[in-house]
Every structure is written in structure tokens, then in C-alpha cells.
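Here's data-v8.txt, which has compact mmCIF, C-alpha atoms (C1' of nucleotides):
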```
# COMPACT_ATOMS: atom_id res chain seq x y z
CA MET A 1 -14.03 14.00 -34.30
CA LEU A 2 -16.17 10.99 -34.78
CA VAL A 3 -17.56 12.78 -37.81
CA LEU A 4 -14.17 13.70 -39.19
CA LEU A 5 -12.89 10.19 -38.82
CA GLN A 6 -15.98 8.86 -40.47
CA GLU A 7 -15.50 11.11 -43.46
CA LEU A 8 -11.85 10.29 -43.82
CA MET A 9 -12.22 6.58 -43.30
CA ALA A 10 -15.66 6.02 -44.73
CA ASP A 11 -14.58 3.07 -46.80
CA ASP A 12 -12.53 1.44 -44.10
CA LEU A 13 -15.00 1.56 -41.25
CA ARG A 14 -16.87 -1.57 -40.43
CA ARG A 15 -20.17 -1.50 -38.60
CA VAL A 16 -20.24 -3.79 -35.57
CA ARG A 17 -23.42 -4.61 -33.71
CA ALA A 18 -23.38 -5.84 -30.13
CA PRO A 19 -26.62 -6.83 -28.44
CA SER A 20 -26.89 -6.12 -24.75
CA GLY A 21 -24.50 -8.38 -22.89
CA ALA A 22 -22.31 -9.13 -25.89
CA ARG A 23 -18.62 -8.25 -25.95
CA LEU A 24 -16.92 -6.10 -28.55
CA PHE A 25 -13.64 -7.62 -27.49
CA ARG A 26 -12.15 -9.50 -24.58
CA GLN A 27 -9.04 -9.08 -22.50
CA GLY A 28 -6.20 -10.64 -24.42
CA ASP A 29 -7.83 -10.59 -27.85
CA ALA A 30 -5.64 -9.41 -30.70
CA ALA A 31 -6.18 -5.68 -31.05
CA ARG A 32 -8.16 -5.11 -34.22
CA GLY A 33 -8.47 -1.40 -33.98
CA LEU A 34 -10.40 1.50 -32.55
CA PHE A 35 -14.13 1.42 -31.89
CA LEU A 36 -16.35 4.45 -32.33
CA LEU A 37 -19.57 4.02 -30.42
CA LYS A 38 -22.62 5.22 -32.31
CA VAL A 39 -25.52 3.78 -30.36
CA GLY A 40 -25.87 2.21 -26.94
CA LYS A 41 -23.65 1.94 -23.90
CA VAL A 42 -20.44 -0.02 -23.61
CA ARG A 43 -18.50 -0.74 -20.46
CA LEU A 44 -14.77 -1.25 -20.38
CA LEU A 45 -13.67 -3.55 -17.61
CA ARG A 46 -10.79 -5.63 -16.51
CA HIS A 47 -10.65 -8.86 -14.58
CA THR A 48 -8.38 -9.05 -11.57
CA SER A 49 -6.54 -12.16 -10.54
CA ASP A 50 -8.89 -12.72 -7.63
CA GLY A 51 -11.88 -12.93 -9.91
CA ASN A 52 -13.29 -9.47 -9.32
CA GLU A 53 -13.88 -7.06 -12.13
CA VAL A 54 -12.93 -3.43 -12.37
CA ILE A 55 -14.93 -0.87 -14.28
CA LEU A 56 -12.50 1.26 -16.23
CA HIS A 57 -14.96 3.36 -18.13
CA THR A 58 -18.48 3.44 -19.40
CA ALA A 59 -18.65 4.80 -22.92
CA ARG A 60 -21.63 6.49 -24.54
CA PRO A 61 -22.41 7.38 -28.15
CA GLY A 62 -19.80 9.67 -29.67
CA GLU A 63 -16.97 8.25 -27.63
CA SER A 64 -14.17 6.08 -28.90
CA LEU A 65 -12.91 2.96 -27.21
CA ALA A 66 -9.53 1.38 -26.88
CA GLU A 67 -7.40 4.19 -28.27
CA ALA A 68 -4.58 2.83 -26.20
CA SER A 69 -4.59 -0.50 -27.96
CA LEU A 70 -3.73 1.16 -31.26
CA PHE A 71 -0.17 0.61 -30.22
CA ALA A 72 -0.65 -2.63 -28.40
CA GLU A 73 -0.83 -6.16 -29.73
CA HIS A 74 -3.73 -7.16 -27.56
CA TYR A 75 -6.65 -5.52 -25.84
CA HIS A 76 -5.91 -5.09 -22.18
CA CYS A 77 -9.51 -4.90 -21.12
CA GLU A 78 -12.92 -6.17 -22.05
CA ALA A 79 -15.75 -4.22 -23.69
CA VAL A 80 -19.24 -5.33 -22.76
CA ALA A 81 -22.38 -3.83 -24.28
CA LEU A 82 -24.76 -2.77 -21.51
CA GLU A 83 -27.46 -2.01 -24.04
CA ASP A 84 -27.93 -2.99 -27.65
CA SER A 85 -25.08 -1.09 -29.21
CA VAL A 86 -23.66 -0.18 -32.58
CA ALA A 87 -20.05 0.77 -33.11
CA MET A 88 -17.75 1.43 -36.03
CA LEU A 89 -14.47 -0.41 -36.13
CA ALA A 90 -11.54 1.55 -37.51
CA PRO A 91 -8.83 -1.00 -38.33
CA LYS A 92 -5.49 -0.40 -36.73
CA GLU A 93 -3.40 -0.29 -39.89
CA ARG A 94 -5.74 2.10 -41.65
CA LEU A 95 -5.71 4.42 -38.68
CA HIS A 96 -1.94 4.39 -38.60
CA ALA A 97 -1.92 5.35 -42.25
CA LEU A 98 -4.41 8.10 -41.55
CA LEU A 99 -2.28 9.49 -38.75
CA ARG A 100 0.57 9.82 -41.18
CA THR A 101 -1.40 11.44 -43.97
CA HIS A 102 -3.91 13.58 -42.09
CA PRO A 103 -2.30 15.60 -39.34
CA GLN A 104 -5.64 17.14 -38.54
CA ALA A 105 -7.10 13.78 -37.60
CA ALA A 106 -3.96 12.97 -35.64
CA GLU A 107 -4.32 16.13 -33.63
CA LEU A 108 -7.91 15.35 -32.76
CA LEU A 109 -7.12 11.86 -31.65
CA PHE A 110 -4.22 13.21 -29.70
CA ALA A 111 -6.38 15.70 -27.87
CA ARG A 112 -8.85 12.97 -27.06
CA LEU A 113 -6.16 10.77 -25.56
CA ALA A 114 -4.81 13.69 -23.59
CA ARG A 115 -8.24 14.29 -22.13
CA GLN A 116 -8.48 10.66 -21.16
CA VAL A 117 -5.22 10.94 -19.29
CA ARG A 118 -6.55 13.88 -17.36
CA GLU A 119 -9.79 12.11 -16.56
CA LEU A 120 -8.00 9.02 -15.36
CA ARG A 121 -5.77 11.09 -13.14
CA THR A 122 -8.79 12.79 -11.69
CA GLN A 123 -10.40 9.45 -10.98
CA LEU A 124 -7.21 8.30 -9.34
CA GLU A 125 -7.18 11.44 -7.27
CA LEU A 126 -10.69 10.76 -6.07
CA ARG A 127 -9.61 7.36 -4.81
CA ASN A 128 -7.14 9.02 -2.50
CA ILE A 129 -9.99 10.58 -0.57
CA ARG A 130 -10.63 7.94 2.03
CA ARG A 131 -13.86 9.01 3.62
CA ALA A 132 -16.83 7.91 1.54
CA GLU A 133 -18.75 11.15 2.11
CA GLU A 134 -15.88 13.32 0.98
CA ARG A 135 -15.07 11.14 -1.99
CA LEU A 136 -18.66 11.18 -3.14
CA LEU A 137 -18.99 14.92 -2.62
CA ALA A 138 -15.82 15.52 -4.62
CA ALA A 139 -17.13 13.31 -7.42
CA LEU A 140 -20.46 15.13 -7.43
CA ARG A 141 -18.71 18.50 -7.52
CA LEU A 142 -16.76 17.39 -10.57
CA ARG A 143 -20.00 16.52 -12.32
CA ALA A 144 -22.04 19.51 -11.25
CA ASP A 145 -23.26 22.08 -13.75
CA ALA A 146 -23.21 25.84 -13.11
CA ASN A 147 -26.25 25.59 -10.84
CA GLY A 148 -24.72 22.88 -8.74
CA ALA A 149 -27.06 20.28 -10.16
CA VAL A 150 -25.89 16.76 -10.89
CA THR A 151 -27.89 14.16 -12.75
CA ILE A 152 -26.13 10.86 -12.95
CA GLY A 153 -26.40 9.03 -16.24
CA ASP A 154 -26.04 5.58 -14.81
CA THR A 155 -27.33 4.24 -11.54
CA TRP A 156 -25.99 5.06 -8.09
CA LYS A 157 -24.74 1.53 -7.99
CA ASP A 158 -22.61 2.24 -11.05
CA LEU A 159 -21.25 5.40 -9.51
CA ALA A 160 -20.38 3.42 -6.40
CA ALA A 161 -18.34 0.99 -8.48
CA GLU A 162 -16.62 3.84 -10.27
CA LEU A 163 -15.66 5.40 -6.95
CA GLY A 164 -14.49 2.14 -5.47
CA LEU A 165 -17.28 1.91 -2.91
CA THR A 166 -19.98 -0.62 -2.29
CA GLN A 167 -23.47 0.53 -3.09
CA GLU A 168 -24.36 0.44 0.60
CA ALA A 169 -21.49 2.73 1.51
CA LEU A 170 -22.54 5.12 -1.25
CA TYR A 171 -26.18 5.23 -0.17
CA ARG A 172 -25.18 5.87 3.40
CA ALA A 173 -22.83 8.63 2.27
CA LEU A 174 -25.65 10.15 0.23
CA SER A 175 -28.07 10.21 3.12
CA ARG A 176 -25.43 11.56 5.48
CA LEU A 177 -24.65 14.38 3.07
CA GLU A 178 -28.32 15.10 2.79
CA ARG A 179 -28.75 15.12 6.56
CA GLN A 180 -25.81 17.47 6.85
CA GLY A 181 -27.43 19.79 4.35
CA ALA A 182 -24.59 19.48 1.85
CA ILE A 183 -26.92 18.21 -0.83
CA ILE A 184 -30.60 18.06 -1.70
CA ARG A 185 -32.19 15.27 -3.68
CA PRO A 186 -35.10 16.50 -5.76
CA ALA A 187 -35.25 13.29 -7.76
CA THR A 188 -33.90 9.78 -7.51
CA ARG A 189 -30.96 10.41 -9.77
CA THR A 190 -30.47 14.12 -9.26
CA VAL A 191 -28.80 16.02 -6.47
CA LEU A 192 -28.26 19.71 -5.85
CA LEU A 193 -25.07 20.82 -4.19
CA ARG A 194 -25.45 23.35 -1.41
CA SER A 195 -22.02 24.86 -1.17
CA MET B 1 11.50 9.69 -28.80
CA LEU B 2 13.19 12.13 -26.54
CA VAL B 3 16.04 12.02 -29.00
CA LEU B 4 13.84 12.46 -32.02
CA LEU B 5 12.08 15.41 -30.51
CA GLN B 6 15.36 16.95 -29.56
CA GLU B 7 16.62 16.67 -33.10
CA LEU B 8 13.48 18.08 -34.63
CA MET B 9 13.07 20.87 -32.14
CA ALA B 10 16.65 21.59 -31.28
CA ASP B 11 16.27 25.32 -31.72
CA ASP B 12 13.01 25.55 -29.85
CA LEU B 13 13.89 23.60 -26.74
CA ARG B 14 14.71 25.53 -23.63
CA ARG B 15 16.77 24.03 -20.85
CA VAL B 16 15.14 24.34 -17.45
CA ARG B 17 16.96 23.61 -14.21
CA ALA B 18 15.10 22.79 -11.04
CA PRO B 19 17.03 22.29 -7.81
CA SER B 20 15.66 19.71 -5.41
CA GLY B 21 12.39 20.96 -4.00
CA ALA B 22 11.74 23.47 -6.76
CA ARG B 23 8.68 23.29 -8.97
CA LEU B 24 8.69 23.08 -12.74
CA PHE B 25 5.12 24.26 -12.71
CA ARG B 26 2.20 24.56 -10.31
CA GLN B 27 -1.40 23.55 -10.48
CA GLY B 28 -3.23 26.29 -12.34
CA ASP B 29 -0.20 27.79 -14.08
CA ALA B 30 -0.65 28.60 -17.76
CA ALA B 31 0.48 25.56 -19.71
CA ARG B 32 3.75 26.46 -21.38
CA GLY B 33 4.44 23.16 -23.00
CA LEU B 34 5.87 19.71 -22.61
CA PHE B 35 8.84 18.91 -20.38
CA LEU B 36 11.41 16.30 -21.26
CA LEU B 37 13.29 15.18 -18.18
CA LYS B 38 17.00 14.73 -18.75
CA VAL B 39 18.45 14.51 -15.26
CA GLY B 40 16.97 13.97 -11.83
CA LYS B 41 13.59 12.95 -10.53
CA VAL B 42 10.35 14.88 -10.77
CA ARG B 43 7.09 14.10 -9.05
CA LEU B 44 3.71 15.02 -10.44
CA LEU B 45 1.16 15.66 -7.76
CA ARG B 46 -2.15 17.27 -7.20
CA HIS B 47 -3.61 18.97 -4.16
CA THR B 48 -6.99 17.87 -2.94
CA SER B 49 -9.50 20.21 -1.38
CA ASP B 50 -8.83 18.78 2.08
CA GLY B 51 -5.19 19.71 1.92
CA ASN B 52 -3.77 16.31 1.12
CA GLU B 53 -1.65 15.69 -1.89
CA VAL B 54 -1.90 12.92 -4.43
CA ILE B 55 1.09 11.48 -6.22
CA LEU B 56 0.17 11.07 -9.86
CA HIS B 57 3.50 9.94 -11.18
CA THR B 58 7.18 10.02 -10.49
CA ALA B 59 9.15 10.72 -13.64
CA ARG B 60 12.73 9.74 -14.30
CA PRO B 61 15.21 10.76 -17.01
CA GLY B 62 13.93 9.99 -20.50
CA GLU B 63 10.32 10.54 -19.60
CA SER B 64 8.14 13.42 -20.66
CA LEU B 65 5.84 15.33 -18.38
CA ALA B 66 2.49 16.97 -18.88
CA GLU B 67 1.66 15.63 -22.31
CA ALA B 68 -1.96 16.10 -21.43
CA SER B 69 -1.61 19.82 -20.94
CA LEU B 70 -0.60 20.25 -24.56
CA PHE B 71 -4.29 20.68 -25.17
CA ALA B 72 -5.16 22.42 -21.95
CA GLU B 73 -4.88 26.05 -20.99
CA HIS B 74 -3.48 25.32 -17.56
CA TYR B 75 -1.48 22.65 -15.85
CA HIS B 76 -3.75 20.48 -13.78
CA CYS B 77 -1.07 19.24 -11.46
CA GLU B 78 2.18 20.29 -9.89
CA ALA B 79 5.69 19.13 -10.80
CA VAL B 80 8.17 19.05 -7.93
CA ALA B 81 11.81 18.17 -8.35
CA LEU B 82 12.79 15.49 -5.84
CA GLU B 83 16.43 15.79 -6.80
CA ASP B 84 18.35 18.46 -8.66
CA SER B 85 16.85 18.08 -12.10
CA VAL B 86 17.27 19.27 -15.62
CA ALA B 87 14.48 19.27 -18.18
CA MET B 88 13.90 20.56 -21.68
CA LEU B 89 10.81 22.62 -22.30
CA ALA B 90 9.14 22.12 -25.67
CA PRO B 91 6.80 25.08 -26.15
CA LYS B 92 3.21 24.19 -26.85
CA GLU B 93 2.82 26.08 -30.13
CA ARG B 94 6.02 24.66 -31.58
CA LEU B 95 4.95 21.17 -30.69
CA HIS B 96 1.60 21.67 -32.33
CA ALA B 97 3.38 22.80 -35.47
CA LEU B 98 5.62 19.77 -35.27
CA LEU B 99 2.68 17.44 -34.95
CA ARG B 100 1.31 18.82 -38.19
CA THR B 101 4.55 18.66 -40.14
CA HIS B 102 6.16 15.51 -38.78
CA PRO B 103 3.77 12.59 -38.61
CA GLN B 104 6.56 10.42 -37.29
CA ALA B 105 6.93 12.55 -34.20
CA ALA B 106 3.18 12.63 -33.81
CA GLU B 107 3.02 8.87 -33.87
CA LEU B 108 5.66 8.57 -31.19
CA LEU B 109 3.96 11.04 -28.91
CA PHE B 110 0.71 9.26 -29.56
CA ALA B 111 2.12 5.91 -28.56
CA ARG B 112 3.54 7.44 -25.42
CA LEU B 113 0.19 8.88 -24.42
CA ALA B 114 -1.49 5.58 -25.16
CA ARG B 115 0.91 3.83 -22.83
CA GLN B 116 0.16 6.35 -20.13
CA VAL B 117 -3.52 5.60 -20.45
CA ARG B 118 -2.83 1.93 -19.97
CA GLU B 119 -0.62 2.56 -16.97
CA LEU B 120 -3.19 4.79 -15.34
CA ARG B 121 -5.87 2.21 -15.86
CA THR B 122 -3.67 -0.41 -14.30
CA GLN B 123 -3.05 1.82 -11.32
CA LEU B 124 -6.77 2.39 -11.01
CA GLU B 125 -7.31 -1.33 -11.17
CA LEU B 126 -4.91 -1.85 -8.30
CA ARG B 127 -6.93 0.53 -6.16
CA ASN B 128 -9.93 -1.72 -6.49
CA ILE B 129 -8.12 -4.42 -4.58
CA ARG B 130 -9.17 -3.60 -1.05
CA ARG B 131 -6.92 -5.76 1.07
CA ALA B 132 -3.50 -4.18 1.52
CA GLU B 133 -1.66 -7.50 1.17
CA GLU B 134 -3.33 -8.34 -2.10
CA ARG B 135 -2.95 -4.87 -3.52
CA LEU B 136 0.73 -4.84 -2.68
CA LEU B 137 1.27 -8.31 -4.06
CA ALA B 138 -0.45 -7.35 -7.32
CA ALA B 139 1.68 -4.22 -7.56
CA LEU B 140 4.83 -6.23 -6.95
CA ARG B 141 3.84 -8.77 -9.58
CA LEU B 142 3.42 -5.99 -12.10
CA ARG B 143 6.94 -4.81 -11.38
CA ALA B 144 8.63 -8.18 -11.20
CA ASP B 145 11.19 -9.27 -13.74
CA ALA B 146 11.39 -12.75 -15.25
CA ASN B 147 12.94 -14.13 -12.06
CA GLY B 148 10.25 -12.71 -9.87
CA ALA B 149 12.60 -10.11 -8.45
CA VAL B 150 11.46 -6.60 -7.70
CA THR B 151 13.72 -3.74 -6.73
CA ILE B 152 11.84 -0.59 -5.99
CA GLY B 153 13.38 2.61 -7.25
CA ASP B 154 11.93 4.83 -4.59
CA THR B 155 11.31 4.07 -0.96
CA TRP B 156 8.59 1.81 0.41
CA LYS B 157 6.98 4.91 1.72
CA ASP B 158 6.68 6.20 -1.82
CA LEU B 159 5.20 2.95 -3.03
CA ALA B 160 2.69 3.15 -0.20
CA ALA B 161 1.56 6.56 -1.39
CA GLU B 162 1.31 5.32 -4.97
CA LEU B 163 -0.87 2.45 -3.85
CA GLY B 164 -3.05 4.61 -1.67
CA LEU B 165 -1.88 3.09 1.59
CA THR B 166 -0.19 4.53 4.63
CA GLN B 167 3.40 3.50 5.13
CA GLU B 168 2.43 1.55 8.23
CA ALA B 169 -0.16 -0.45 6.34
CA LEU B 170 2.37 -1.21 3.63
CA TYR B 171 5.07 -2.36 6.05
CA ARG B 172 2.61 -4.59 7.82
CA ALA B 173 1.47 -6.01 4.49
CA LEU B 174 5.10 -6.67 3.58
CA SER B 175 5.85 -8.56 6.75
CA ARG B 176 2.61 -10.52 6.51
CA LEU B 177 3.46 -11.56 2.96
CA GLU B 178 6.91 -12.56 4.13
CA ARG B 179 5.50 -14.57 7.02
CA GLN B 180 3.12 -16.30 4.63
CA GLY B 181 6.03 -17.20 2.38
CA ALA B 182 4.68 -15.26 -0.57
CA ILE B 183 7.81 -13.13 -0.74
CA ILE B 184 11.40 -13.09 0.43
CA ARG B 185 13.34 -9.94 1.20
CA PRO B 186 17.02 -10.35 0.42
CA ALA B 187 17.64 -6.62 0.74
CA THR B 188 15.86 -3.60 2.10
CA ARG B 189 14.46 -2.54 -1.22
CA THR B 190 14.30 -5.85 -3.01
CA VAL B 191 11.78 -8.65 -2.79
CA LEU B 192 11.53 -12.03 -4.49
CA LEU B 193 8.11 -13.37 -5.37
CA ARG B 194 7.52 -16.98 -4.47
CA SER B 195 4.59 -17.94 -6.65
C1' DC C 1 -49.15 -8.45 -11.62
C1' DG C 2 -45.06 -10.84 -11.15
C1' DT C 3 -40.26 -10.60 -11.66
C1' DC C 4 -35.88 -8.50 -11.51
C1' DA C 5 -32.66 -5.12 -10.52
C1' DC C 6 -32.03 -1.01 -8.04
C1' DA C 7 -32.60 1.54 -3.66
C1' DT C 8 -32.44 1.81 1.30
C1' DT C 9 -31.51 0.75 6.05
C1' DG C 10 -29.75 -2.36 10.02
C1' DA C 11 -26.14 -5.12 12.60
C1' DT C 12 -21.61 -6.97 12.93
C1' DG C 13 -16.69 -7.77 12.18
C1' DC C 14 -12.48 -6.81 10.07
C1' DC C 15 -9.12 -3.82 8.28
C1' DT C 16 -6.90 0.21 7.74
C1' DC C 17 -5.97 4.78 9.64
C1' DT C 18 -4.14 7.33 13.31
C1' DC C 19 -1.17 8.30 17.02
C1' DA C 20 3.01 6.79 19.26
C1' DA C 21 7.54 5.21 19.99
C1' DA C 22 11.87 3.09 19.01
C1' DG C 23 15.44 1.20 15.81
C1' DC C 24 17.95 2.00 11.57
C1' DT C 25 20.34 4.53 7.49
C1' DT C 26 22.21 8.14 5.37
C1' DG C 27 24.32 12.34 5.08
C1' DT C 28 26.48 16.44 7.05
C1' DG C 29 29.42 19.27 9.63
C1' DG C 30 32.61 19.98 13.20
C1' DC D 1 36.15 10.17 12.38
C1' DC D 2 32.62 10.93 15.30
C1' DA D 3 28.22 12.91 16.55
C1' DC D 4 24.08 14.58 15.44
C1' DA D 5 20.06 15.30 12.60
C1' DA D 6 16.57 13.98 9.48
C1' DG D 7 13.99 10.81 7.23
C1' DC D 8 12.91 6.03 6.47
C1' DT D 9 11.72 1.59 8.64
C1' DT D 10 9.36 -1.15 11.88
C1' DT D 11 6.11 -2.57 15.43
C1' DG D 12 2.27 -1.59 19.02
C1' DA D 13 -2.47 -0.21 20.63
C1' DG D 14 -6.87 1.76 19.86
C1' DA D 15 -10.70 3.57 17.22
C1' DG D 16 -13.39 4.52 13.39
C1' DG D 17 -15.24 3.37 8.95
C1' DC D 18 -16.26 0.48 5.30
C1' DA D 19 -17.35 -4.27 3.69
C1' DT D 20 -20.28 -7.88 4.38
C1' DC D 21 -24.45 -10.24 5.17
C1' DA D 22 -29.29 -9.59 5.55
C1' DA D 23 -33.84 -7.92 4.80
C1' DT D 24 -37.31 -4.92 2.97
C1' DG D 25 -38.99 -1.29 -0.02
C1' DT D 26 -39.52 0.51 -4.71
C1' DG D 27 -39.56 1.18 -9.48
C1' DA D 28 -39.55 -0.46 -14.40
C1' DC D 29 -40.86 -3.56 -17.73
C1' DG D 30 -42.96 -7.38 -19.93
```
When written as C-alpha cells, how does the structure in this file appear?
Amino acid sequence: MLVLLQELMADDLRRVRAPSGARLFRQGDAARGLFLLKVGKVRLLRHTSDGNEVILHTARPGESLAEASLFAEHYHCEAVALEDSVAMLAPKERLHALLRTHPQAAELLFARLARQVRELRTQLELRNIRRAEERLLAALRLRADANGAVTIGDTWKDLAAELGLTQEALYRALSRLERQGAIIRPATRTVLLRS
Amino acid sequence: MLVLLQELMADDLRRVRAPSGARLFRQGDAARGLFLLKVGKVRLLRHTSDGNEVILHTARPGESLAEASLFAEHYHCEAVALEDSVAMLAPKERLHALLRTHPQAAELLFARLARQVRELRTQLELRNIRRAEERLLAALRLRADANGAVTIGDTWKDLAAELGLTQEALYRALSRLERQGAIIRPATRTVLLRS
DNA sequence: CGTCACATTGATGCCTCTCAAAGCTTGTGG
DNA sequence: CCACAAGCTTTGAGAGGCATCAATGTGACG
């Protein structure tokens, strides 16, 4: 889909570079358009009134960011580059035009948004599991491949934030699961599920 | 948008009636299409492995349900009628055809999905507020009108579930906020925010 | 080879869940 | 019109679990 959009919008895409730590956009900025991440890692987060921040998503190459703000005046979250990143900016108006003239592209974007909705609901569902062990196990199960192996892309600390736990709580849950025999940890960032 | 879809798909829409307690679809059912709620109240929920259920959304007349499953083989949640309800079913294939032939309809559906993404992210953000008082206050602020008045449509119990709290925790949070002077409760289901 | 961030484990306190019970509202049927 | 039932509302007491603070180990990277 990234490819299709790039072909269709070749002339309208603008390359944006964000060194590690830089922001593609901030909460409240006027929505310029959709970002397609080509290189790096970008985190979407939101600031709460009490000064904490909430990780909404961590995007990797091939993903698009801020689809939702295509129909909003302002960005409702902040995009921080975690590594030196390169993205393509697809201006809002051009994308709207494209949606009208290229149903194929519209359908792809639509499917992508639909998937996001499902993922968000899943994440919300995980939060309803109160016990740290169970929440973590459920999250690991969702990420496991056919062999029951999970290799986390980020750090455990990041996963903790995504699950709404402190890192300490997550580490304790990990070791408890291991002690119970529910998981095995062959490497630092890999676990095997023992159903 | 409901209206537009109804005009464009008049011949393809099928009226579905669900008495209170009945299910429009269950988790795992083959995805038939999109539901447009005309009358009643329908709750989307998902069952967790430990037997609990998670409220994903409570839809009211004018809303559409299960947009995300337009691109999925199966429904990933369950839709229960809380009151006697009437919905229109827009079959998946017909909608796909419509998306290709009527960009206007596509754009509307797109905007709707985008809004859902934002709402879900907001809900997720609320969950990151640990303290019940603060989470509730944030939720109330999001629902307040210009005067700072909030009238909940459902029961407090329902709001508790939506916020990931037990009803007891929510009631205690309410009375604490009232004691602190942060809110006033003129009626059972209405609060005034005193910023 | 020093620094920095992640990883790991310990101790303590607070907060929410859980169980329990009683008051209150709403609706229903006799 | 009353009485009863069912579900929501409200408050209490106790326990368990996670956050918090703290300290040390470990790995990566310049």
C-alpha cells in the first residue's frame, strides 16, 4: 500500500527527515497530512493533563501515521522519532483528491484503518485483564508465531508501557511465568510459550 | 452518512430486528457486513480467555457497527442488544462495490473510521491514568458540555466498566470528587464540573 | 573502559478489588 | 394501587497486588 500510494502520489510526496529525538508533529499542530514511514522508528504519544505521557503506538518502516488526522484540523498526538527516521508526507488535500479518483487506493487505506481499529480494541481488551501475569501472557500469546515463540521488537520496558504496567511489574510477571513453567526464556528478548 | 448509505444501498439493505438480549452477531461468526443502528441500544463486547467480558462500545441510533469487519472474515466481537433494537444490514460485498463506485460514500465511511480510531486512542489514554478519581475526572471532562455539565446516558455502572473500574471504585471516586469540591451532583446521573 | 539505559530483585505503602450488606429506583403483575 | 422483584446505588471491612523508591547487575556503544 505504501508502494501504491507512492506510485500514485509520486509528485506530491515530500520527504521528511527526523533525527532521533525530533518530532514529526506535535499535539495540536495543524494537520498537514499522512506520514508514511520509510526508515527508522517513530512513536506516537499523547500528553495527559497530569504531565504523564501515553504511548499510543510505535510505528516501523512500512507503516503510516496519523491516518485519523486526515479528517481532523489538528494532530491529536505527538510523533517522536526514536531513531533517525525518514518519512514521506502525503498532503491532506492531495490524499482527499486521490480518494475520490482512485477507489483502489481508498480501499487500501480503508482496510488499514479498519485493522487499526481492531488492534486498538485488542489493546483495550488487554487492559481489562487486571493481573499483570495474565495480561502479559495474553499479550505474548497475541504476538506468538506458530511455534509459540515471541521475540519483542522493542525492549521489555516498552512492552510494559504498552500494557500499562511499570517495568518492575512486568519483570516480576515474567519471572513468575517462567517459574510457573508457562514460558521459557532462551534469550533476553525472546520467550517460548508452553501452553 | 446513515442517510446517504441508505439512499445508495436502498435495495441491498436488510432490516434486522433484535429484541433486548438478542445478539446481532457473535464473536467468530462469519462477517456478513456492516450494521446501521436505527432504533435501540447495542453493546459491542468481547470475551476474554478468563471468562470476563470487555465492553468495547455502546452504540446508539445513527451509529454503525463493525466497520472493521468489512475487511475481516469473521466478527471479532459480539453485538448484544440492550434494548429492543432495529438495525440495517449492509452486506459486505455490496459495500465494497459501493466504495469503488461512490467515492463520496467512501469518504464518509473513512471519516467515520478515523473518528473511531481517535476515540479508541482516547479511551486507551484514559486507562493509563491509574488513580480512579483522576481517571473518572478526565472521562467526565471529555464528556462535559460548555457549561461543565455531564449527563451520562447509561448508568454509572456502565461507565465504570468502560473505564475499567468496578462499580464500587467508581462510586467511591465520585463521592471523593464531590467531597473535594471538584464536582457537584444535582441529579443521579448528572454532574457539574467545578474547575 | 566509562557511561548510559535497560534488566532484575527487594521492601514498603497505597489503592483497588472482592465480598458483604443495606438503601433506593424502576417496573411489573395481581 | 400496592407489593414484590430485580437491578442500580451506596458504604463498610479486609486482603492482595501493583506502584514506588531503592539498589545492583548487565549489556551496548563510543
Open item on the list: Which residues are close to range 160-177 of chain A, i.e. within 6 Å by only C-alpha atoms (C1' of nucleotides), leaving aside same-chain residues fewer than 5 positions away? Reply as a PyMOL selection string.
Closed with: chain A and resi 133+182-183
Please produce a file of the residues just selected, as a short mmCIF file (atom, residue, chain, number, x, y, z; two decimals), keeping the file's coordinate frame, where the atoms kept are C-alpha atoms.
```
data_model
loop_
_atom_site.label_atom_id
_atom_site.label_comp_id
_atom_site.auth_asym_id
_atom_site.auth_seq_id
_atom_site.Cartn_x
_atom_site.Cartn_y
_atom_site.Cartn_z
CA GLU A 133 -18.75 11.15 2.11
CA ALA A 182 -24.59 19.48 1.85
CA ILE A 183 -26.92 18.21 -0.83
#
```
Task: Interatomic distance, CA of Leu99 in chain B to CA of Ala106 in chain A (Å, one decimal) - done: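 Here the two named atoms are 8.0 Å from each other.
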TODO: Excluding range 5-13 of chain C and residues on its chain fewer than 2 positions from it, collect all residues at most 12 Å away from it, counting all atoms listed in the file, and give them as a PyMOL selection string.
DONE: (chain A and resi 154-158+167-175+188-189) or (chain C and resi 3+15) or (chain D and resi 17-29)
Task: Protein and nucleic acid residues near (-6.5, 14.2, -24.3) (cut-off 12 Å, only C-alpha atoms (C1' of nucleotides)) as an MDAnalysis selection string - done: (chainID A and resid 67:68 106:121) or (chainID B and resid 66:72 109:110 113:114 116:117)
Task: Interatomic distance (Å, one decimal) between CA of Gln104 in chain A and CA of Ala10 in chain A - done: 16.2 Å
Given a cut-off of 12 Å, which residues of chain C touch chain B, counting only C-alpha atoms (C1' of nucleotides), written out as a PDB file with C-alpha atoms (C1' of nucleotides), keeping the file's coordinate frame?
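The result, stored in selection.pdb:
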```pdb
ATOM      1  C1'  DC C  14     -12.480  -6.810  10.070  1.00  0.00           C
ATOM      2  C1'  DC C  15      -9.120  -3.820   8.280  1.00  0.00           C
ATOM      3  C1'  DT C  16      -6.900   0.210   7.740  1.00  0.00           C
ATOM      4  C1'  DC C  17      -5.970   4.780   9.640  1.00  0.00           C
ATOM      5  C1'  DT C  18      -4.140   7.330  13.310  1.00  0.00           C
ATOM      6  C1'  DC C  19      -1.170   8.300  17.020  1.00  0.00           C
ATOM      7  C1'  DC C  24      17.950   2.000  11.570  1.00  0.00           C
ATOM      8  C1'  DT C  25      20.340   4.530   7.490  1.00  0.00           C
TER       9       DT C  25
END
```
Task: d(CA of Ala87 in chain A, CA of His102 in chain A) in Å - done: 22.5 Å
Open item on the list: Here is a test: counting all atoms listed in the file, which residue of B:Arg185, B:Arg15, B:Arg23, B:Arg135 is nearest to chain A?
Closed with: B:Arg135
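The protein and nucleic acid residues lying at most 9 Å from Leu4 in chain A are A:Leu8, A:Met9, A:Ala105, with only C-alpha atoms (C1' of nucleotides) considered and sequence neighbours fewer than 4 positions away removed.
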TODO: Kindly indicate which residue among D:DC1, D:DA15, D:DG30, D:DT10 lies nearest to chain B, using all atoms listed in the file for the distances.
DONE: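 Looking only at the distances to chain B, the closest residue turns out to be D:DT10.
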TODO: Starting from chain D, keep only residues with some atom at most 9 Å from an atom of chain B, counting all atoms listed in the file, and report them as a list in words.
DONE: DC8, DT9, DT10 and DT11 of chain D
Open item on the list: Show me, as a list in words, the residues that have an atom within 12 Å of DC4 in chain D when counting only C-alpha atoms (C1' of nucleotides), minus same-chain residues fewer than 3 positions from it.
Closed with: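 These residues fall inside the cut-off: DG27, DT28, DG29 and DG30 of chain C.
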Task: Polymer residues at most 7 Å from range 54-58 of chain B, only C-alpha atoms (C1' of nucleotides), same-chain spacing of 3 or more positions, as a list in words - done: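 So, after excluding close chain neighbours, the residues are Arg121, Glu125 and Asn128 of chain A; Val42, Arg43, Leu44, Leu45, Arg46, His47, Ala161 and Glu162 of chain B.
Minimum atom-to-atom distances from A:Glu178, A:Glu134, A:Glu83, A:Glu78 to chain B were compared using only C-alpha atoms, and the lowest value belongs to A:Glu134.
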Task: Pick from A:Pro186, A:Pro103, A:Gly181, A:Gly148, whichever lies nearest to chain B using all atoms listed in the file - done: A:Pro103
- [ ] For each of B:Ala90, B:Gly40, B:Arg32, B:Arg194, take the minimum atom-to-atom distance to Leu140 in chain B, counting all atoms listed in the file, then give the residue where this is smallest.
- [x] B:Arg194
Open item on the list: Counting only C-alpha atoms, which residue out of A:Thr101, A:Ser64, A:Ser85, A:Ser20 sits closest to chain B?
Closed with: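 For chain B, the nearest of the given residues is A:Thr101.
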